Amino acid sequence: MTAVAASIPPQWYLLLATAVFCIGLFGVLTRNDALYFLMSVELMMNAANINFVAFALYYGDLTGQVFALFVIALAAAEVAIGIGIILVLYRNFGVTDVTVPTEMRW
Amino acid sequence: MIDVFSYVPAIVLLPFFSFLVALGVGKHLPKGGAFGGIAATAGSFLLSLWVLATVAGGEAANRTLYTWADAGGIGPTDIELSFGILIDPLSALMLVIVTLVALLVHVFSLGYMNDEGETGLPRYYAGLGLFSASMLGFVVADNLLMAFMFFELVGLCSYLLIGFHFREPGPPSAAKKAFLVTRFGDYFFLIGVVAVLATFGTAQFAGEGSFPALAEAALNGSGSVAWTPGGVELQTWLTVVGLLVLGGVVGKSAQFPLHTWLPDAMEGPTPVSALIHAATMVAAGVYLVARMYGFYALSPTALAIIAFIGGFTALFAATMGLVKDELKQVLAYSTISQYGYMMLALGAGGYVAAVFHLTTHAFFKALLFLGAGAVIIAMHHNEDMWDMGGLKSKMPVTYYTFLAGSLALAGIFPFAGFWSKDEILYEALVHGLNDPLLLGGYLMGLLAVPVTAFYTFRMVFLTFHGEPRSATARDPEPVRWNVKGPLTVLGVLAVVTGFINMVPVQKVLGVEGIDLLHLWLDNHWGGIDGLSSHHYADIGPYSSGYLVGGEVGTVLVGAAVSLGLALGGLLVAWRLYNVPSPTEHTAKLGGIKDVLYNNYYLDELQVWLAYRTEDVAGGANTFDQGIIDGVVNGVSSVSLFGGSRVRRLQSGVVSQYATLLTLGLVALLLALGVSGGWFL
């Protein structure tokens with residue numbers, strides 16, 4: 001398995017990560033629903049994870065993998081908070097559309 | 001061995017604490033906080049006596065306590081701005097005078113303010129405390145800038161206290177006048193302080209690197225100054241700097257032409273008048289010249305101007321005192337006149353004589369003002385001397401102490417004022433014989449002697465002698481111990497203070513060692529190098545000339561002439577006013593009377609000048625409001641307008657923020673790419 005993964009040139013991993021990241025970004029920019037936001041952000045984070053793991057493999061250094069584990073754990077925490085925010089949003093405004101609440105403006 | 005000089009700040013801080021206490025909790029204290037003030041000034045007085053004893057033991061102090069700004073090598077010299085103390089014979093003596101008079105004034109206030117049922121007493125005692133503290137800070141100041149700060153504080157306190165009865169129309173206006181007129185002089189003083197700092201890089205009074213020492217070294221070629229304005233000779237520039245500082249002195253010490261605030265300042269409560277005129281504010285000006293006498297002595301022109309202003313003011317103010325009807329007004333003009341004498345002495349090279357007169361005057365003028373306060377209590381706050389008369393038998397303590405003060409003021413042998421005034425006139429005479437301008441000052445000072453004696457005893461006779469001329473004078477209100485006590489202490493001092501410096505006796509009889517003040521100020525018991533009267537005489541421009549009979553003859557002739565003139569003035573007053581029912585004799589003066597009564601129309605002149613310069617002031621106002629404020633307001637409105645537009649970005653829609661973030665990231669990447677050459 002490692003041999004197969006290592007035989008793929010690193011720029012392919014980078015291209016894959018960029019693609020995943022851009023899909024996440026596209027989701028954030030085009031969707032109005034907070035739940036889609038959450039999922040898109042998840043994609044963007046995993047794009048970063050792909051980079052970490054790919055470079056860890058490329059350099060034969062485990063630090064990147066450890067970081068990837070940290071990011072996964074962090075993402076879990078972030079989702080918990082994110083869902084909490086969305087629940088509060090729903091309770092206060094009855095929607096999960098982020099364009100509706102505009103109280104925090106000038 | 002306890003280091004007494006480390007307690008010197010406490011002398012200043014004690015009255016300051018009494019100010020804070022009276023201001024903060026004075027309402028809840030008995031007597032409106034008076035006891036706090038009495039305790040504080042008594043503590044300062046005791047500490048000052050201790051300092052005096054230590055200085056007499058040969059010690060002195062010149063210390064920097066706190067440096068609050070340091071140029072750090074920017075500019076031509078490394079300027080440090082600091083607070084410090086300078087304790088030498090002069091300041092130790094002045095500390096004792098100021099704290100003693102302040103203490104007695106506090107005690108007297110119990111009788112004058114508390115017993116008379118005044119309101120607002122905490123404010124009054126707070127003012128007195130701050131006033132004493134500022135003056136004491138000024139006295140111990142070791143550099144010109146610190147002296148200037150406390151000088152200004154003294155001015156502020158005089159404003160607060162003169163305007164104490166702010167609900168009546170007179171006092172607030174008098175307070176404003178005192179503030180503005182002295183501020184006019186202080187403006188020049190401030191420029192002088194800056195000039196001293198720029199010229200010498202220091203404003204220290206004493207020591208190797210002090211500005212008088214630097215000026216002296218630069219003048220005799222063994223040193224140089226940091227800066228003089230281009231093309232101006234050093235001697236000329238030193239004179240200019242000295243005259244700038246003198247502006248503040250003329251304002252505070254009420255010298256012509258800035259004396260007009262002082263008679264109006266009589267609107268303040270009488271104990272405040274005593275404090276202002278005897279020991280604090282007005283004395284500050286003369287003290288400042290004495291403090292930096294090593295600087296003034298280098299400039300013959302400045303000295304001549306000081307002497308001439310002094311002599312002229314002495315005569316000029318005395319003539320105005322001739323026709324006044326109100327007790328305190330007479331005293332006000334006598335104050336101006338007496339400070340004129342001190343300036344004459346300083347200008348004539350009589351450093352010791354000036355300090356001597358400052359000392360004796362502090363006691364007898366405080367005595368006269370407090371005595372006048374006692375009379376005013378007795379007369380139910382009627383100050384018109386024509387309503388008094390016959391108070392001699394009703395208030396003997398006040399009468400005899402007031403008489404002692406009057407004899408001192410008139411310069412009658414052997415009261416305090418005789419010795420000091422005689423020494424001033426002697427110094428002016430012997431130095432003036434070689435210097436016509438100084439001789440003019442001497443002649444004016446001499447002419448003022450009979451005038452002084454006349455108006456002083458006109459006041460005494462009208463107030464205390466003859467028949468009572470009103471119902472209150474027939475049945476005056478009695479005064480208590482808190483009035484009589486201070487009067488007695490000062491009465492004794494007014495009699496005996498002259499004996500600390502019996503120079504004429506020494507010169508005529510040849511008894512050595514009875515000119516204590518001369519020895520004291522000449523660092524006989526120790527002091528700081530370069531601050532002795534001997535040193536001042538060495539660097540000063542004057543040489544002595546004598547009349548017939550050498551020194552002894554001159555002393556005798558001078559003393560005889562001034563004493564004879566004083567007795568003459570007294571006798572005229574006796575003839576005219578010591579009768580059962582005196583009448584006004586001013587009508588004989590004809591047109592002069594009106595001129596005198598209206599103070600030579602100087603107030604009118606100043607008002608006229610103020611109207612003439614209205615356009616300039618208006619222009620400055622327009623410049624200030626239009627240009628200066630315009631720039632500030634312009635900057636603020638640009639910011640406000642820009643802010644009100646830019647804040648629209650804060651829409652509250654999260655998606656837009658995300659878009660902006662992304663756009664920002666893209667822009668950053670593009671910028672990095674272009675500058676990094678990725679796209680080439």
# chains A, B, ... in the order shown; residues from 1 in each chain; ligands from 1
$ residues_around --residues "segment 73-80 of chain A" --least-positions-apart "4" --cutoff "8 Å" --atoms "only C-alpha atoms" --output "JSON, numbers by chain"
{"A": [38, 42, 45, 69, 84]}
$ interface_residues --of "chain A" --to "chain B" --cutoff "9 Å" --atoms "only C-alpha atoms" --output "list in words"
Leu25, Val28, Leu29, Thr30, Arg31, Asn32, Val98, Thr99, Val100, Pro101, Thr102, Glu103, Met104, Arg105 and Trp106 of chain A
$ write_last_selection --atoms "C-alpha atoms" --output "short mmCIF file (atom, residue, chain, number, x, y, z; two decimals), in the first residue's frame"
data_model
loop_
_atom_site.label_atom_id
_atom_site.label_comp_id
_atom_site.auth_asym_id
_atom_site.auth_seq_id
_atom_site.Cartn_x
_atom_site.Cartn_y
_atom_site.Cartn_z
CA LEU A 25 -14.80 27.22 -0.89
CA VAL A 28 -19.20 28.41 1.38
CA LEU A 29 -19.56 31.14 -1.22
CA THR A 30 -22.67 29.88 -2.97
CA ARG A 31 -24.79 28.30 -0.24
CA ASN A 32 -26.86 30.18 2.30
CA VAL A 98 -27.15 32.74 7.35
CA THR A 99 -28.35 35.74 5.30
CA VAL A 100 -31.43 36.28 7.45
CA PRO A 101 -29.84 37.33 10.77
CA THR A 102 -28.09 40.65 10.16
CA GLU A 103 -28.26 42.09 13.69
CA MET A 104 -24.47 42.24 14.11
CA ARG A 105 -23.91 45.05 11.65
CA TRP A 106 -23.16 48.76 11.82
#
$ select_by_dssp --residues "segment 535-649 of chain B" --states "helix (DSSP H, G or I)" --output "MDAnalysis selection string"
chainID B and resid 535:539 550:577 586:589 591:597 599:612 614:649
$ residues_around --residues "Ala22 of chain B" --least-positions-apart "5" --cutoff "8 Å" --atoms "only C-alpha atoms" --output "PDB file with N, CA and C atoms, in the first residue's frame"
ATOM      1  N   LYS B  27     -16.010  69.219  55.787  1.00  0.00           N
ATOM      2  CA  LYS B  27     -17.393  69.458  56.218  1.00  0.00           C
ATOM      3  C   LYS B  27     -17.707  68.752  57.531  1.00  0.00           C
ATOM      4  N   GLY B  32     -14.553  73.437  60.499  1.00  0.00           N
ATOM      5  CA  GLY B  32     -14.338  73.432  59.055  1.00  0.00           C
ATOM      6  C   GLY B  32     -12.933  73.075  58.630  1.00  0.00           C
ATOM      7  N   GLY B  33     -12.247  72.260  59.410  1.00  0.00           N
ATOM      8  CA  GLY B  33     -10.914  71.814  58.997  1.00  0.00           C
ATOM      9  C   GLY B  33      -9.795  72.738  59.449  1.00  0.00           C
ATOM     10  N   ALA B  34     -10.131  73.719  60.298  1.00  0.00           N
ATOM     11  CA  ALA B  34      -9.110  74.684  60.716  1.00  0.00           C
ATOM     12  C   ALA B  34      -7.994  74.010  61.483  1.00  0.00           C
ATOM     13  N   GLY B  36      -6.788  71.028  61.276  1.00  0.00           N
ATOM     14  CA  GLY B  36      -5.850  70.334  60.393  1.00  0.00           C
ATOM     15  C   GLY B  36      -4.817  71.298  59.840  1.00  0.00           C
ATOM     16  N   GLY B  37      -5.298  72.462  59.388  1.00  0.00           N
ATOM     17  CA  GLY B  37      -4.391  73.468  58.847  1.00  0.00           C
ATOM     18  C   GLY B  37      -3.425  73.966  59.897  1.00  0.00           C
ATOM     19  N   PRO B 122     -14.532  74.915  54.812  1.00  0.00           N
ATOM     20  CA  PRO B 122     -13.601  73.917  54.271  1.00  0.00           C
ATOM     21  C   PRO B 122     -12.880  74.435  53.034  1.00  0.00           C
ATOM     22  N   ARG B 123     -13.614  75.147  52.175  1.00  0.00           N
ATOM     23  CA  ARG B 123     -12.998  75.701  50.965  1.00  0.00           C
ATOM     24  C   ARG B 123     -11.927  76.717  51.344  1.00  0.00           C
ATOM     25  N   TYR B 125     -10.167  76.885  54.223  1.00  0.00           N
ATOM     26  CA  TYR B 125      -8.968  76.281  54.808  1.00  0.00           C
ATOM     27  C   TYR B 125      -8.214  75.445  53.779  1.00  0.00           C
ATOM     28  N   ALA B 126      -8.941  74.867  52.839  1.00  0.00           N
ATOM     29  CA  ALA B 126      -8.253  74.157  51.758  1.00  0.00           C
ATOM     30  C   ALA B 126      -7.389  75.135  50.983  1.00  0.00           C
TER      31      ALA B 126
END
$ residues_around --residues "segment 11-23 of chain A" --least-positions-apart "3" --cutoff "9 Å" --atoms "only C-alpha atoms" --output "count of residues only"
17
$ residues_around --residues "Phe363 of chain B" --least-positions-apart "4" --cutoff "7 Å" --atoms "only C-alpha atoms" --output "PyMOL selection string"
chain B and resi 278+359+367+490+493-494
$ write_last_selection --atoms "N, CA and C atoms" --output "PDB file, in the first residue's frame"
ATOM      1  N   ALA B 278       2.251  89.493  53.210  1.00  0.00           N
ATOM      2  CA  ALA B 278       3.375  89.441  54.129  1.00  0.00           C
ATOM      3  C   ALA B 278       4.347  88.343  53.745  1.00  0.00           C
ATOM      4  N   THR B 359      12.226  90.158  55.607  1.00  0.00           N
ATOM      5  CA  THR B 359      11.956  89.526  56.898  1.00  0.00           C
ATOM      6  C   THR B 359      11.141  90.440  57.809  1.00  0.00           C
ATOM      7  N   LEU B 367       1.369  91.672  60.853  1.00  0.00           N
ATOM      8  CA  LEU B 367       0.802  92.264  62.063  1.00  0.00           C
ATOM      9  C   LEU B 367      -0.233  93.325  61.721  1.00  0.00           C
ATOM     10  N   LEU B 490       3.282  88.668  66.737  1.00  0.00           N
ATOM     11  CA  LEU B 490       3.824  89.502  65.670  1.00  0.00           C
ATOM     12  C   LEU B 490       4.241  90.863  66.197  1.00  0.00           C
ATOM     13  N   LEU B 493       7.614  90.519  67.530  1.00  0.00           N
ATOM     14  CA  LEU B 493       8.561  90.369  66.424  1.00  0.00           C
ATOM     15  C   LEU B 493       8.799  91.694  65.713  1.00  0.00           C
ATOM     16  N   ALA B 494       7.719  92.493  65.564  1.00  0.00           N
ATOM     17  CA  ALA B 494       7.884  93.770  64.867  1.00  0.00           C
ATOM     18  C   ALA B 494       8.798  94.697  65.645  1.00  0.00           C
TER      19      ALA B 494
END
$ residues_around --residues "Leu35 of chain A" --least-positions-apart "5" --cutoff "9 Å" --atoms "only C-alpha atoms" --output "JSON, numbers by chain"
{"A": [40, 82, 83, 86, 96, 97]}
$ residues_around --residues "Leu20 of chain B" --least-positions-apart "5" --cutoff "9 Å" --atoms "only C-alpha atoms" --output "ChimeraX atom specification"
/B:15,25-26,126,129-130
$ write_last_selection --atoms "C-alpha atoms" --output "PDB file, in the first residue's frame"
ATOM      1  CA  PRO B  15       0.018  71.935  54.342  1.00  0.00           C
ATOM      2  CA  VAL B  25     -13.739  65.754  54.733  1.00  0.00           C
ATOM      3  CA  GLY B  26     -13.611  69.363  55.978  1.00  0.00           C
ATOM      4  CA  ALA B 126      -8.253  74.157  51.758  1.00  0.00           C
ATOM      5  CA  GLY B 129      -3.346  74.994  52.976  1.00  0.00           C
ATOM      6  CA  LEU B 130      -2.651  74.881  49.247  1.00  0.00           C
TER       7      LEU B 130
END
$ atom_distance --atom1 "atom CA of Thr228 of chain B" --atom2 "atom CA of Phe188 of chain B"
17.7 Å
$ select_by_dssp --residues "segment 4-82 of chain B" --states "strand (DSSP E or B)" --output "JSON, numbers by chain"
{"B": [61, 62, 63, 64, 65, 66, 67, 68, 69, 70, 80, 81, 82]}
$ write_last_selection --atoms "C-alpha atoms" --output "short mmCIF file (atom, residue, chain, number, x, y, z; two decimals), in the first residue's frame"
data_model
loop_
_atom_site.label_atom_id
_atom_site.label_comp_id
_atom_site.auth_asym_id
_atom_site.auth_seq_id
_atom_site.Cartn_x
_atom_site.Cartn_y
_atom_site.Cartn_z
CA ALA B 61 21.54 70.81 50.88
CA ASN B 62 21.24 70.98 47.13
CA ARG B 63 19.54 67.79 46.01
CA THR B 64 17.61 66.59 43.06
CA LEU B 65 14.79 64.42 44.28
CA TYR B 66 13.01 63.41 41.12
CA THR B 67 13.80 63.85 37.45
CA TRP B 68 10.56 63.89 35.55
CA ALA B 69 11.84 64.57 32.05
CA ASP B 70 15.14 63.95 30.37
CA GLU B 80 17.02 67.40 32.61
CA LEU B 81 13.84 68.69 34.23
CA SER B 82 13.61 67.82 37.86
#
$ atom_distance --atom1 "atom CA of Ala213 of chain B" --atom2 "atom CA of Pro541 of chain B"
16.3 Å
$ closest_residue --among "B:Phe45, B:Phe402, B:Tyr187, B:Tyr577" --to "Arg458 of chain B" --atoms "only C-alpha atoms"
B:Tyr577
$ atom_distance --atom1 "atom CA of Gly371 of chain B" --atom2 "atom CA of Thr398 of chain B"
5.9 Å
$ decode --residues "segment 42-82 of chain A" --atoms "N, CA and C atoms" --output "tab-separated table (two decimals), in the first residue's frame"
chain	number	residue	atom	x	y	z
A	42	GLU	N	-15.68	21.55	6.48
A	42	GLU	CA	-15.11	20.23	6.73
A	42	GLU	C	-14.26	19.79	5.52
A	43	LEU	N	-14.78	20.04	4.33
A	43	LEU	CA	-14.03	19.71	3.11
A	43	LEU	C	-12.71	20.46	3.04
A	44	MET	N	-12.77	21.75	3.36
A	44	MET	CA	-11.56	22.58	3.27
A	44	MET	C	-10.50	22.09	4.25
A	45	MET	N	-10.97	21.70	5.42
A	45	MET	CA	-10.01	21.19	6.40
A	45	MET	C	-9.37	19.90	5.93
A	46	ASN	N	-10.18	19.05	5.31
A	46	ASN	CA	-9.62	17.77	4.87
A	46	ASN	C	-8.67	17.96	3.70
A	47	ALA	N	-8.88	19.04	2.93
A	47	ALA	CA	-7.91	19.37	1.90
A	47	ALA	C	-6.55	19.63	2.54
A	48	ALA	N	-6.58	20.35	3.64
A	48	ALA	CA	-5.32	20.58	4.35
A	48	ALA	C	-4.73	19.28	4.86
A	49	ASN	N	-5.61	18.40	5.38
A	49	ASN	CA	-5.14	17.10	5.87
A	49	ASN	C	-4.43	16.31	4.78
A	50	ILE	N	-5.00	16.34	3.58
A	50	ILE	CA	-4.39	15.60	2.47
A	50	ILE	C	-2.98	16.11	2.25
A	51	ASN	N	-2.83	17.45	2.28
A	51	ASN	CA	-1.49	18.02	2.13
A	51	ASN	C	-0.54	17.51	3.19
A	52	PHE	N	-1.01	17.53	4.45
A	52	PHE	CA	-0.16	17.09	5.56
A	52	PHE	C	0.33	15.66	5.32
A	53	VAL	N	-0.64	14.81	5.05
A	53	VAL	CA	-0.28	13.39	4.93
A	53	VAL	C	0.64	13.16	3.73
A	54	ALA	N	0.32	13.87	2.64
A	54	ALA	CA	1.10	13.68	1.43
A	54	ALA	C	2.55	14.07	1.66
A	55	PHE	N	2.74	15.21	2.33
A	55	PHE	CA	4.12	15.65	2.56
A	55	PHE	C	4.82	14.76	3.57
A	56	ALA	N	4.05	14.27	4.55
A	56	ALA	CA	4.64	13.34	5.52
A	56	ALA	C	5.19	12.11	4.79
A	57	LEU	N	4.42	11.64	3.85
A	57	LEU	CA	4.86	10.48	3.08
A	57	LEU	C	6.08	10.82	2.24
A	58	TYR	N	6.01	11.98	1.62
A	58	TYR	CA	7.07	12.40	0.70
A	58	TYR	C	8.40	12.53	1.40
A	59	TYR	N	8.36	13.11	2.61
A	59	TYR	CA	9.61	13.32	3.36
A	59	TYR	C	9.93	12.18	4.30
A	60	GLY	N	9.01	11.23	4.43
A	60	GLY	CA	9.24	10.13	5.38
A	60	GLY	C	9.28	10.60	6.81
A	61	ASP	N	8.48	11.62	7.11
A	61	ASP	CA	8.49	12.22	8.45
A	61	ASP	C	7.09	12.10	9.03
A	62	LEU	N	6.97	11.62	10.29
A	62	LEU	CA	5.64	11.34	10.85
A	62	LEU	C	4.94	12.58	11.37
A	63	THR	N	5.65	13.69	11.49
A	63	THR	CA	5.06	14.90	12.07
A	63	THR	C	3.77	15.30	11.35
A	64	GLY	N	3.81	15.25	10.03
A	64	GLY	CA	2.63	15.63	9.25
A	64	GLY	C	1.44	14.77	9.59
A	65	GLN	N	1.67	13.46	9.79
A	65	GLN	CA	0.55	12.57	10.11
A	65	GLN	C	-0.04	12.91	11.47
A	66	VAL	N	0.87	13.21	12.40
A	66	VAL	CA	0.40	13.59	13.73
A	66	VAL	C	-0.46	14.83	13.64
A	67	PHE	N	0.00	15.77	12.82
A	67	PHE	CA	-0.79	16.99	12.64
A	67	PHE	C	-2.15	16.69	12.06
A	68	ALA	N	-2.18	15.77	11.10
A	68	ALA	CA	-3.45	15.41	10.49
A	68	ALA	C	-4.40	14.86	11.54
A	69	LEU	N	-3.88	14.04	12.47
A	69	LEU	CA	-4.72	13.51	13.55
A	69	LEU	C	-5.27	14.63	14.40
A	70	PHE	N	-4.37	15.58	14.71
A	70	PHE	CA	-4.81	16.74	15.50
A	70	PHE	C	-5.93	17.48	14.80
A	71	VAL	N	-5.77	17.70	13.47
A	71	VAL	CA	-6.78	18.45	12.73
A	71	VAL	C	-8.11	17.71	12.75
A	72	ILE	N	-8.06	16.38	12.69
A	72	ILE	CA	-9.32	15.60	12.72
A	72	ILE	C	-10.01	15.79	14.06
A	73	ALA	N	-9.21	15.71	15.12
A	73	ALA	CA	-9.79	15.90	16.45
A	73	ALA	C	-10.37	17.30	16.58
A	74	LEU	N	-9.61	18.27	16.09
A	74	LEU	CA	-10.06	19.66	16.14
A	74	LEU	C	-11.34	19.85	15.36
A	75	ALA	N	-11.41	19.20	14.18
A	75	ALA	CA	-12.59	19.32	13.34
A	75	ALA	C	-13.80	18.79	14.07
A	76	ALA	N	-13.61	17.68	14.84
A	76	ALA	CA	-14.73	17.13	15.60
A	76	ALA	C	-15.23	18.16	16.60
A	77	ALA	N	-14.28	18.80	17.32
A	77	ALA	CA	-14.66	19.83	18.29
A	77	ALA	C	-15.36	20.97	17.59
A	78	GLU	N	-14.83	21.38	16.46
A	78	GLU	CA	-15.39	22.50	15.71
A	78	GLU	C	-16.82	22.19	15.28
A	79	VAL	N	-17.03	20.95	14.87
A	79	VAL	CA	-18.39	20.58	14.45
A	79	VAL	C	-19.35	20.69	15.62
A	80	ALA	N	-18.89	20.25	16.80
A	80	ALA	CA	-19.76	20.33	17.98
A	80	ALA	C	-20.17	21.78	18.22
A	81	ILE	N	-19.18	22.68	18.18
A	81	ILE	CA	-19.49	24.09	18.41
A	81	ILE	C	-20.35	24.64	17.30
A	82	GLY	N	-19.97	24.28	16.07
A	82	GLY	CA	-20.72	24.77	14.91
A	82	GLY	C	-22.17	24.36	15.00
